[in-house]
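Raw coords33.tsv, TSV, C-alpha atoms:
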```tsv
chain	number	residue	atom	x	y	z
G	281	MET	CA	0.00	0.00	0.00
G	282	THR	CA	2.90	2.37	0.67
G	283	THR	CA	4.14	2.03	-2.90
G	284	PHE	CA	0.63	2.35	-4.29
G	285	THR	CA	-0.01	5.51	-2.27
G	286	PHE	CA	3.32	7.00	-3.33
G	287	LEU	CA	2.66	6.31	-7.02
G	288	LYS	CA	-0.94	7.51	-6.80
G	289	ASP	CA	0.10	10.80	-5.18
G	290	ARG	CA	2.81	11.28	-7.78
G	291	LEU	CA	0.37	10.71	-10.64
G	292	VAL	CA	-2.20	13.05	-9.11
G	293	ARG	CA	0.42	15.82	-8.89
G	294	SER	CA	1.59	15.22	-12.46
G	295	GLY	CA	-1.98	15.25	-13.79
G	296	ASP	CA	-1.55	11.99	-15.71
G	297	LYS	CA	-5.14	10.78	-15.46
G	298	HIS	CA	-4.63	7.86	-17.86
G	299	SER	CA	-1.80	6.36	-15.80
G	300	LEU	CA	-3.68	7.08	-12.56
G	301	LEU	CA	-6.71	5.19	-13.85
G	302	ALA	CA	-4.49	2.27	-14.92
G	303	LEU	CA	-2.85	2.18	-11.47
G	304	ILE	CA	-6.20	2.20	-9.66
G	305	MET	CA	-7.63	-0.47	-11.96
G	306	ALA	CA	-4.58	-2.68	-11.35
G	307	LYS	CA	-5.00	-2.25	-7.59
G	308	ILE	CA	-8.69	-3.20	-7.77
G	309	ASP	CA	-7.87	-6.22	-9.93
G	310	SER	CA	-5.18	-7.33	-7.48
G	311	THR	CA	-7.54	-6.96	-4.53
G	312	ILE	CA	-10.29	-8.98	-6.22
G	313	ASN	CA	-7.81	-11.72	-7.12
G	314	THR	CA	-6.58	-11.83	-3.53
G	315	VAL	CA	-10.12	-12.25	-2.20
G	316	VAL	CA	-10.95	-15.00	-4.71
G	317	ARG	CA	-7.69	-16.83	-3.94
G	318	GLN	CA	-8.28	-16.64	-0.18
G	319	ILE	CA	-11.83	-17.96	-0.62
G	320	GLY	CA	-10.38	-20.90	-2.55
G	321	PHE	CA	-7.86	-21.60	0.22
G	322	SER	CA	-10.60	-21.34	2.84
G	323	ASN	CA	-12.91	-23.72	0.97
G	324	PHE	CA	-10.09	-26.22	0.51
G	325	GLU	CA	-9.11	-26.12	4.19
G	326	ARG	CA	-12.72	-26.39	5.35
G	327	ARG	CA	-13.23	-29.43	3.13
G	328	LEU	CA	-10.00	-31.03	4.27
G	329	HIS	CA	-10.03	-30.27	7.99
G	330	GLY	CA	-13.78	-30.36	8.50
G	331	MET	CA	-14.22	-33.93	7.45
G	332	GLU	CA	-14.16	-36.85	9.82
G	333	GLU	CA	-13.11	-40.05	8.16
G	334	SER	CA	-15.41	-42.07	10.40
G	335	SER	CA	-18.47	-40.13	9.19
G	336	GLN	CA	-17.58	-40.46	5.51
G	337	PRO	CA	-16.38	-43.99	4.84
G	338	GLY	CA	-14.12	-44.43	1.87
G	339	ARG	CA	-13.05	-40.79	1.83
G	340	SER	CA	-9.64	-39.82	3.02
G	341	ALA	CA	-7.85	-36.50	3.25
G	342	GLU	CA	-5.79	-37.56	0.23
G	343	SER	CA	-8.90	-38.09	-1.89
G	344	VAL	CA	-10.14	-34.60	-0.98
G	345	ARG	CA	-6.75	-33.11	-1.87
G	346	SER	CA	-6.68	-34.79	-5.26
G	347	LYS	CA	-10.30	-33.86	-6.06
G	348	SER	CA	-9.77	-30.25	-4.95
G	349	TRP	CA	-7.03	-29.70	-7.49
G	350	THR	CA	-8.73	-31.25	-10.51
G	351	PRO	CA	-10.90	-29.18	-12.88
G	352	SER	CA	-13.98	-31.26	-12.12
G	353	GLY	CA	-13.30	-31.30	-8.34
```

Translate this structure into structure tokens?
Amino acid sequence: MTTFTFLKDRLVRSGDKHSLLALIMAKIDSTINTVVRQIGFSNFERRLHGMEESSQPGRSAESVRSKSWTPSG
């Protein structure tokens, strides 16, 4: 954020609206990607750690791991 703020302030002072818009759009894109990635990690961990092998016979942590990383999983 420090670098972003520095660059944003510099672009505001220079009046380069095109570059300022590109910087802000890149920051928004990065933030959205971070949220989506963290949701994916959370879902994976909830599926892996939330399961009890005794309640789901035939399913192991390894099977969840392999299914979580496949396109159809």

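Pairwise distance (atom CA of G:Leu291, atom CA of G:Ile304) equals 10.8 Å.
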
Interatomic distance (Å, one decimal) between atom CA of G:Thr285 and atom CA of G:His298:
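Spanning atom CA of G:Thr285 to atom CA of G:His298 is a straight-line distance of 16.4 Å.
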
Selected residue of minimal separation from G:Leu300 among G:Leu287, G:Val315, G:Met281, G:Leu328, counting only C-alpha atoms
G:Leu287

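Across the structure, atom CA of G:Gly330 and atom CA of G:Arg317 are spaced 19.4 Å apart.
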
Would you mind completing stretch 305-329 of chain G so that it carries N, CA and C atoms, and writing it out as a CSV table (one decimal), in the coordinates of the input?
```csv
chain,number,residue,atom,x,y,z
G,305,MET,N,-7.0,0.8,-11.4
G,305,MET,CA,-7.6,-0.5,-12.0
G,305,MET,C,-6.8,-1.7,-11.6
G,306,ALA,N,-5.5,-1.6,-11.7
G,306,ALA,CA,-4.6,-2.7,-11.4
G,306,ALA,C,-4.7,-3.0,-9.9
G,307,LYS,N,-4.9,-2.0,-9.0
G,307,LYS,CA,-5.0,-2.2,-7.6
G,307,LYS,C,-6.3,-3.0,-7.3
G,308,ILE,N,-7.4,-2.5,-8.0
G,308,ILE,CA,-8.7,-3.2,-7.8
G,308,ILE,C,-8.6,-4.6,-8.2
G,309,ASP,N,-8.0,-4.9,-9.4
G,309,ASP,CA,-7.9,-6.2,-9.9
G,309,ASP,C,-7.1,-7.1,-9.0
G,310,SER,N,-6.0,-6.6,-8.4
G,310,SER,CA,-5.2,-7.3,-7.5
G,310,SER,C,-6.0,-7.7,-6.2
G,311,THR,N,-6.7,-6.7,-5.7
G,311,THR,CA,-7.5,-7.0,-4.5
G,311,THR,C,-8.6,-8.0,-4.8
G,312,ILE,N,-9.3,-8.0,-5.9
G,312,ILE,CA,-10.3,-9.0,-6.2
G,312,ILE,C,-9.6,-10.4,-6.3
G,313,ASN,N,-8.5,-10.4,-7.0
G,313,ASN,CA,-7.8,-11.7,-7.1
G,313,ASN,C,-7.4,-12.3,-5.8
G,314,THR,N,-7.0,-11.4,-4.9
G,314,THR,CA,-6.6,-11.8,-3.5
G,314,THR,C,-7.8,-12.4,-2.8
G,315,VAL,N,-8.9,-11.8,-2.9
G,315,VAL,CA,-10.1,-12.2,-2.2
G,315,VAL,C,-10.5,-13.6,-2.8
G,316,VAL,N,-10.6,-13.7,-4.1
G,316,VAL,CA,-11.0,-15.0,-4.7
G,316,VAL,C,-10.0,-16.1,-4.3
G,317,ARG,N,-8.7,-15.8,-4.3
G,317,ARG,CA,-7.7,-16.8,-3.9
G,317,ARG,C,-7.9,-17.3,-2.5
G,318,GLN,N,-8.1,-16.3,-1.6
G,318,GLN,CA,-8.3,-16.6,-0.2
G,318,GLN,C,-9.6,-17.4,0.0
G,319,ILE,N,-10.6,-17.2,-0.7
G,319,ILE,CA,-11.8,-18.0,-0.6
G,319,ILE,C,-11.5,-19.4,-1.0
G,320,GLY,N,-10.8,-19.6,-2.1
G,320,GLY,CA,-10.4,-20.9,-2.6
G,320,GLY,C,-9.6,-21.6,-1.5
G,321,PHE,N,-8.6,-21.0,-0.9
G,321,PHE,CA,-7.9,-21.6,0.2
G,321,PHE,C,-8.8,-22.0,1.4
G,322,SER,N,-9.7,-21.1,1.7
G,322,SER,CA,-10.6,-21.3,2.8
G,322,SER,C,-11.5,-22.5,2.5
G,323,ASN,N,-12.1,-22.6,1.3
G,323,ASN,CA,-12.9,-23.7,1.0
G,323,ASN,C,-12.1,-25.0,1.0
G,324,PHE,N,-10.9,-25.0,0.5
G,324,PHE,CA,-10.1,-26.2,0.5
G,324,PHE,C,-9.8,-26.7,1.9
G,325,GLU,N,-9.4,-25.8,2.8
G,325,GLU,CA,-9.1,-26.1,4.2
G,325,GLU,C,-10.3,-26.6,4.9
G,326,ARG,N,-11.5,-26.0,4.7
G,326,ARG,CA,-12.7,-26.4,5.4
G,326,ARG,C,-13.1,-27.8,4.9
G,327,ARG,N,-12.9,-28.1,3.6
G,327,ARG,CA,-13.2,-29.4,3.1
G,327,ARG,C,-12.3,-30.4,3.7
G,328,LEU,N,-11.0,-30.1,3.8
G,328,LEU,CA,-10.0,-31.0,4.3
G,328,LEU,C,-10.1,-31.2,5.8
G,329,HIS,N,-10.1,-30.2,6.5
G,329,HIS,CA,-10.0,-30.3,8.0
G,329,HIS,C,-11.4,-30.5,8.6
```
